[in-house]
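Chemist: File name entry.txt; file contents compact mmCIF, C-alpha atoms and all ligand atoms; full text below.
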# COMPACT_ATOMS: atom_id res chain seq x y z
CA MET K 1008 -10.16 9.82 -6.62
CA ARG K 1009 -11.43 12.73 -4.55
CA TYR K 1010 -12.22 11.98 -0.92
CA GLN K 1011 -15.55 13.31 0.28
CA ASP K 1012 -17.60 13.39 3.45
CA SER K 1013 -19.00 9.98 4.27
CA LYS K 1014 -22.68 9.27 3.73
CA THR K 1015 -22.66 6.20 5.99
CA GLY K 1016 -22.33 5.85 9.77
CA LEU K 1017 -18.54 5.73 9.70
CA ASP K 1018 -16.83 9.08 9.10
CA THR K 1019 -14.35 9.51 6.25
CA SER K 1020 -11.34 9.83 8.57
CA ARG K 1021 -12.03 6.46 10.10
CA LYS K 1022 -12.65 4.96 6.67
CA ILE K 1023 -9.29 6.27 5.47
CA LEU K 1024 -7.57 4.80 8.52
CA LYS K 1025 -9.16 1.37 8.11
CA VAL K 1026 -8.52 1.26 4.35
CA ASN K 1027 -4.87 2.22 4.85
CA HIS K 1028 -4.54 -0.32 7.66
CA ALA K 1029 -5.85 -3.05 5.31
CA GLY K 1030 -3.57 -1.75 2.56
CA GLU K 1031 -0.54 -2.02 4.82
CA PHE K 1032 -1.48 -5.61 5.58
CA GLY K 1033 -1.60 -6.19 1.82
CA ALA K 1034 1.81 -4.54 1.43
CA VAL K 1035 3.32 -6.63 4.23
CA ASN K 1036 2.14 -9.73 2.37
CA ILE K 1037 3.46 -8.56 -1.00
CA TYR K 1038 6.94 -8.12 0.39
CA ARG K 1039 6.76 -11.27 2.50
CA SER K 1040 5.99 -13.44 -0.52
CA GLN K 1041 8.58 -11.66 -2.66
CA LEU K 1042 11.16 -12.17 0.06
CA PHE K 1043 10.36 -15.87 0.09
CA VAL K 1044 11.01 -16.15 -3.68
CA ALA K 1045 14.00 -13.77 -3.60
CA ARG K 1046 15.76 -15.81 -0.91
CA LEU K 1047 15.65 -18.78 -3.29
CA PHE K 1048 16.34 -17.20 -6.67
CA MET K 1049 17.31 -13.51 -6.37
CA LYS K 1050 19.57 -13.14 -3.35
CA GLU K 1051 20.75 -9.70 -4.49
CA LEU K 1052 17.21 -8.33 -3.95
CA VAL K 1053 16.84 -9.61 -0.38
CA PRO K 1054 18.19 -6.54 1.52
CA GLN K 1055 15.97 -4.16 -0.47
CA ILE K 1056 12.81 -6.23 0.05
CA GLU K 1057 13.62 -6.66 3.75
CA GLU K 1058 13.82 -2.89 4.04
CA PHE K 1059 10.41 -2.48 2.35
CA LEU K 1060 8.91 -5.16 4.59
CA ALA K 1061 10.19 -3.45 7.74
CA ASP K 1062 8.63 -0.16 6.58
CA GLU K 1063 5.25 -1.80 5.88
CA LYS K 1064 5.20 -3.54 9.28
CA ARG K 1065 5.83 -0.18 10.93
CA HIS K 1066 3.03 1.42 8.87
CA LEU K 1067 0.62 -1.37 9.82
CA GLU K 1068 1.29 -0.64 13.48
CA ILE K 1069 0.87 3.14 13.01
CA PHE K 1070 -2.65 2.69 11.57
CA ARG K 1071 -3.61 -0.02 14.07
CA THR K 1072 -2.74 2.32 16.94
CA GLU K 1073 -4.73 5.26 15.54
CA ILE K 1074 -7.76 3.05 14.73
CA GLN K 1075 -7.81 1.77 18.30
CA ARG K 1076 -7.42 5.24 19.74
CA ARG K 1077 -10.60 6.43 18.05
CA GLN K 1078 -12.57 3.19 18.24
CA GLY K 1079 -12.37 2.51 14.56
CA ILE K 1080 -13.01 -0.79 12.87
CA LYS K 1081 -11.08 -3.30 10.85
CA CYS K 1082 -11.82 -2.98 7.14
CA LYS K 1083 -14.02 -5.57 5.49
CA SER K 1084 -11.34 -5.86 2.83
CA TYR K 1085 -8.56 -6.64 5.35
CA TRP K 1086 -8.24 -10.34 4.46
CA LEU K 1087 -8.84 -9.68 0.76
CA CYS K 1088 -5.91 -7.25 0.81
CA GLY K 1089 -3.78 -9.77 2.64
CA LEU K 1090 -4.54 -12.57 0.20
CA GLY K 1091 -4.38 -10.32 -2.87
CA GLY K 1092 -1.06 -8.93 -1.68
CA TYR K 1093 0.42 -12.37 -1.19
CA VAL K 1094 -0.74 -13.61 -4.60
CA MET K 1095 0.45 -10.45 -6.40
CA GLY K 1096 3.82 -10.49 -4.65
CA PHE K 1097 4.41 -14.17 -5.26
CA THR K 1098 3.28 -14.17 -8.89
CA SER K 1099 5.22 -11.05 -9.80
CA ALA K 1100 8.39 -12.47 -8.22
CA LEU K 1101 8.14 -15.50 -10.53
CA PHE K 1102 8.83 -13.05 -13.37
CA GLY K 1103 12.18 -12.18 -11.82
CA ARG K 1104 13.75 -8.95 -10.75
CA ARG K 1105 11.75 -6.82 -13.17
CA GLY K 1106 8.54 -8.53 -12.08
CA VAL K 1107 9.26 -7.63 -8.46
CA MET K 1108 9.94 -4.02 -9.36
CA ALA K 1109 6.92 -3.79 -11.70
CA CYS K 1110 4.73 -4.89 -8.77
CA THR K 1111 6.37 -2.41 -6.40
CA TRP K 1112 5.95 0.45 -8.84
CA ALA K 1113 2.36 -0.46 -9.75
CA VAL K 1114 1.17 -0.72 -6.14
CA GLU K 1115 3.10 2.19 -4.69
CA HIS K 1116 2.25 4.73 -7.38
CA VAL K 1117 -1.48 4.09 -6.80
CA VAL K 1118 -0.92 4.28 -3.04
CA VAL K 1119 0.95 7.60 -3.27
CA GLU K 1120 -1.83 9.14 -5.38
CA HIS K 1121 -4.40 8.13 -2.77
CA LEU K 1122 -2.26 9.41 0.10
CA HIS K 1123 -2.11 12.83 -1.55
CA ALA K 1124 -5.89 12.87 -1.98
CA GLN K 1125 -6.40 11.74 1.62
CA ILE K 1126 -4.04 14.43 2.92
CA GLU K 1127 -5.95 17.06 0.97
CA TYR K 1128 -9.24 15.86 2.46
CA LEU K 1129 -7.93 15.62 6.04
CA ARG K 1130 -6.41 19.13 5.83
CA GLY K 1131 -9.83 20.38 4.74
CA VAL K 1132 -11.63 18.88 7.73
CA ASN K 1133 -8.87 19.76 10.23
CA ASP K 1134 -8.39 16.22 11.51
CA GLU K 1135 -4.85 16.82 12.76
CA GLN K 1136 -4.29 13.38 14.23
CA ALA K 1137 -5.44 11.46 11.14
CA LEU K 1138 -3.47 13.88 8.95
CA GLU K 1139 -0.29 13.23 10.92
CA THR K 1140 -0.89 9.50 10.69
CA VAL K 1141 -1.23 9.56 6.91
CA GLU K 1142 1.65 12.01 6.48
CA ALA K 1143 3.86 9.74 8.59
CA ILE K 1144 4.00 7.10 5.85
CA LEU K 1145 4.07 9.32 2.73
CA GLU K 1146 7.84 9.61 2.43
CA ASP K 1147 8.37 5.84 2.74
CA GLU K 1148 5.76 5.06 0.10
CA GLN K 1149 7.25 7.63 -2.27
CA ASN K 1150 10.62 6.01 -1.72
CA HIS K 1151 9.19 2.53 -2.47
CA ARG K 1152 7.62 3.88 -5.66
CA ASP K 1153 10.84 5.59 -6.74
CA VAL K 1154 12.98 2.51 -6.09
CA GLY K 1155 10.52 0.54 -8.25
CA PHE K 1156 10.84 3.16 -10.97
CA LYS K 1157 14.64 3.42 -10.88
CA SER K 1158 14.99 -0.36 -10.90
CA GLY K 1159 13.11 -0.65 -14.18
CA GLY K 1160 9.67 -1.46 -12.81
CA ALA K 1161 7.86 1.15 -14.89
CA ASP K 1162 9.30 1.00 -18.38
CA ASN K 1163 9.51 -2.48 -19.92
CA ILE K 1164 6.48 -3.02 -22.16
CA LEU K 1165 6.46 -6.79 -21.53
CA TYR K 1166 5.53 -6.13 -17.91
CA GLN K 1167 2.70 -3.77 -18.77
CA PRO K 1168 -0.03 -6.41 -18.23
CA ILE K 1169 1.33 -7.15 -14.72
CA ARG K 1170 1.41 -3.44 -13.89
CA LEU K 1171 -2.12 -2.91 -15.19
CA LEU K 1172 -3.58 -5.84 -13.28
CA ILE K 1173 -1.84 -4.88 -10.05
CA SER K 1174 -2.76 -1.19 -10.29
CA LEU K 1175 -6.35 -2.12 -11.06
CA PHE K 1176 -6.62 -4.50 -8.11
CA THR K 1177 -5.05 -1.91 -5.77
CA GLU K 1178 -7.40 0.83 -6.98
CA CYS K 1179 -10.44 -1.45 -6.65
CA VAL K 1180 -9.77 -2.61 -3.08
CA ILE K 1181 -9.20 0.97 -1.95
CA ARG K 1182 -12.48 2.11 -3.51
CA PHE K 1183 -14.31 -0.94 -2.16
CA GLY K 1184 -13.01 -0.22 1.36
CA MET K 1185 -14.03 3.47 1.16
CA ARG K 1186 -17.65 2.70 0.25
FE FE O 1201 3.05 1.16 3.70
FE FE O 1202 4.96 0.74 0.56
Please re-express this file's structure in structure tokens.
Ligand SMILES: [Fe+2]
Ligand SMILES: [Fe+2]
Modeler:
Amino acid sequence: MRYQDSKTGLDTSRKILKVNHAGEFGAVNIYRSQLFVARLFMKELVPQIEEFLADEKRHLEIFRTEIQRRQGIKCKSYWLCGLGGYVMGFTSALFGRRGVMACTWAVEHVVVEHLHAQIEYLRGVNDEQALETVEAILEDEQNHRDVGFKSGGADNILYQPIRLLISLFTECVIRFGMR
């Protein structure tokens, strides 16, 4: 998706910030629910998921701070992201280790694509502060995506339906939030 100048009252930079803020809330909930299941059935995954969760909590705070600084708003999809994230995380974890990693890969690869498009837009409009904010999380999200990939989240055909559903939901909430 290409990011363009906003045709509504809220400028594109603030839309990007609110959408990412909502997305981070979704991500926090994905890893929270996966952690819950992993503590019961997949103890070996706990440290990795805890690390992801800590990253997402930090990202949530980064966007919250920047939104407040420029009198932005909370996204209308904030609670939808939170609920969707929890359901996706929980359901995927019921499919075991590969389910967890399929979810991670599916979400994070869509996120990384959007971050690149956002960075391109923000460079174009010279919004340094918003650019720095988005760039601040890029490396972490790439790392999440790559861990998902290396841990088998992208290749097993049986998990393709999970990946498709999760990618589709992620793509849709981002587009919905940017409208
Ligand atoms: Fe994040
Ligand atoms: Fe992430």
Chemist: Taking into account all atoms listed in the file, which residue in the set K:Arg1076, K:Lys1083, K:Arg1071, K:Arg1065 is nearest to ligand FE 1202 (chain O)?
Modeler: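 Among the listed residues, the smallest separation from ligand FE 1202 (chain O) belongs to K:Arg1065.
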Chemist: Near Val1132 in chain K, counting all atoms listed in the file, which residues have an atom at most 12 Å away, once you skip same-chain residues fewer than 2 positions from it, shown as a VMD selection string?
Modeler: chain K and resid 1010 to 1012 1018 to 1020 1125 to 1130 1134 to 1138
Chemist: Do a neighbour search on Trp1112 in chain K at 7 Å with only C-alpha atoms, toss out local chain neighbours closer than 2 positions, and write the hits as a short mmCIF file (atom, residue, chain, number, x, y, z; two decimals) with C-alpha atoms, keeping the file's coordinate frame.
Modeler:
data_model
loop_
_atom_site.label_atom_id
_atom_site.label_comp_id
_atom_site.auth_asym_id
_atom_site.auth_seq_id
_atom_site.Cartn_x
_atom_site.Cartn_y
_atom_site.Cartn_z
CA MET K 1108 9.94 -4.02 -9.36
CA ALA K 1109 6.92 -3.79 -11.70
CA CYS K 1110 4.73 -4.89 -8.77
CA VAL K 1114 1.17 -0.72 -6.14
CA GLU K 1115 3.10 2.19 -4.69
CA HIS K 1116 2.25 4.73 -7.38
CA ARG K 1152 7.62 3.88 -5.66
CA GLY K 1155 10.52 0.54 -8.25
CA PHE K 1156 10.84 3.16 -10.97
CA GLY K 1160 9.67 -1.46 -12.81
CA ALA K 1161 7.86 1.15 -14.89
#
Chemist: Please list, as number ranges by chain, the residues that have an atom at most 7 Å away from (-9.0, 3.0, 2.1) in the coordinates of this file, counting only C-alpha atoms.
Modeler: K: 1022-1027, 1181-1182, 1184-1185
Chemist: Work out how far apart CA of Lys1050 in chain K and CA of Ser1174 in chain K are and give it in Å to one decimal.
Modeler: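 Atom-to-atom, CA of Lys1050 in chain K and CA of Ser1174 in chain K are spaced 26.3 Å apart.
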Chemist: Using all atoms listed in the file, find each protein or nucleic acid residue lying at most 12 Å from ligand FE 1201 (chain O); present the set as number ranges by chain.
Modeler: K: 1026-1038, 1058-1070, 1111, 1114-1119, 1122, 1140-1152
Chemist: Using CA of Gly1103 in chain K and CA of Tyr1166 in chain K as the two end points, give the distance in Å to one decimal.
Modeler: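 Here the two named atoms are 10.9 Å from each other.
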Chemist: Around all the atoms of range 1135-1150 of chain K listed in the file, with 3 Å of room on each side, what axis-aligned box do you get, giving centre and edge lengths in Å to one decimal, as lines of an AutoDock Vina configuration file?
Modeler:
center_x = 2.6
center_y = 10.9
center_z = 6.0
size_x = 22.1
size_y = 17.8
size_z = 22.5
Chemist: For Val1107 in chain K, please output as JSON, numbers by chain all residues within 8 Å (counting only C-alpha atoms; exclusion window: fewer than 6 positions along the same chain).
Modeler: {"K": [1041, 1096, 1099, 1100, 1160]}
Chemist: May I ask which of the residues K:Ala1113, K:Ala1045, K:Leu1171, K:Ile1164 is the closest one to ligand FE 1202 (chain O), counting only C-alpha atoms and all ligand atoms?
Modeler: K:Ala1113
Chemist: At what distance in Å, to one decimal, does CA of Gly1159 in chain K lie from CA of Arg1009 in chain K?
Modeler: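 Interatomic distance here is 29.6 Å.
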Chemist: Excluding Leu1042 in chain K and residues on its chain fewer than 3 positions from it, collect all residues at most 8 Å away from it, counting only C-alpha atoms, and give them as a PyMOL selection string.
Modeler: chain K and resi 1038-1039+1045-1046+1053+1056-1057
Chemist: Which residue is closest to Ser1040 in chain K? Choose from K:Ala1124, K:Leu1087, K:Met1095, K:Leu1165 and count only C-alpha atoms.
Modeler: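 Nearest to Ser1040 in chain K: K:Met1095.
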Chemist: Select, from K:Leu1175, K:Val1154, K:Leu1017, K:Phe1183, the residue with the minimum atom-to-atom distance to ligand FE 1202 (chain O), counting only C-alpha atoms and all ligand atoms.
Modeler: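 Answer, going by the shortest atom-to-atom distance: K:Val1154.
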Chemist: Nearest to Ile1169 in chain K: which of K:Thr1098, K:Arg1104, K:Lys1157, K:His1123 is it, counting only C-alpha atoms?
Modeler: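 Ranked by minimum distance to Ile1169 in chain K, first place goes to K:Thr1098.
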Chemist: Using only C-alpha atoms, which of the listed residues (K:Asp1162, K:Leu1172, K:Arg1021, K:Thr1177) sits closest to Gln1078 in chain K?
Modeler: K:Arg1021
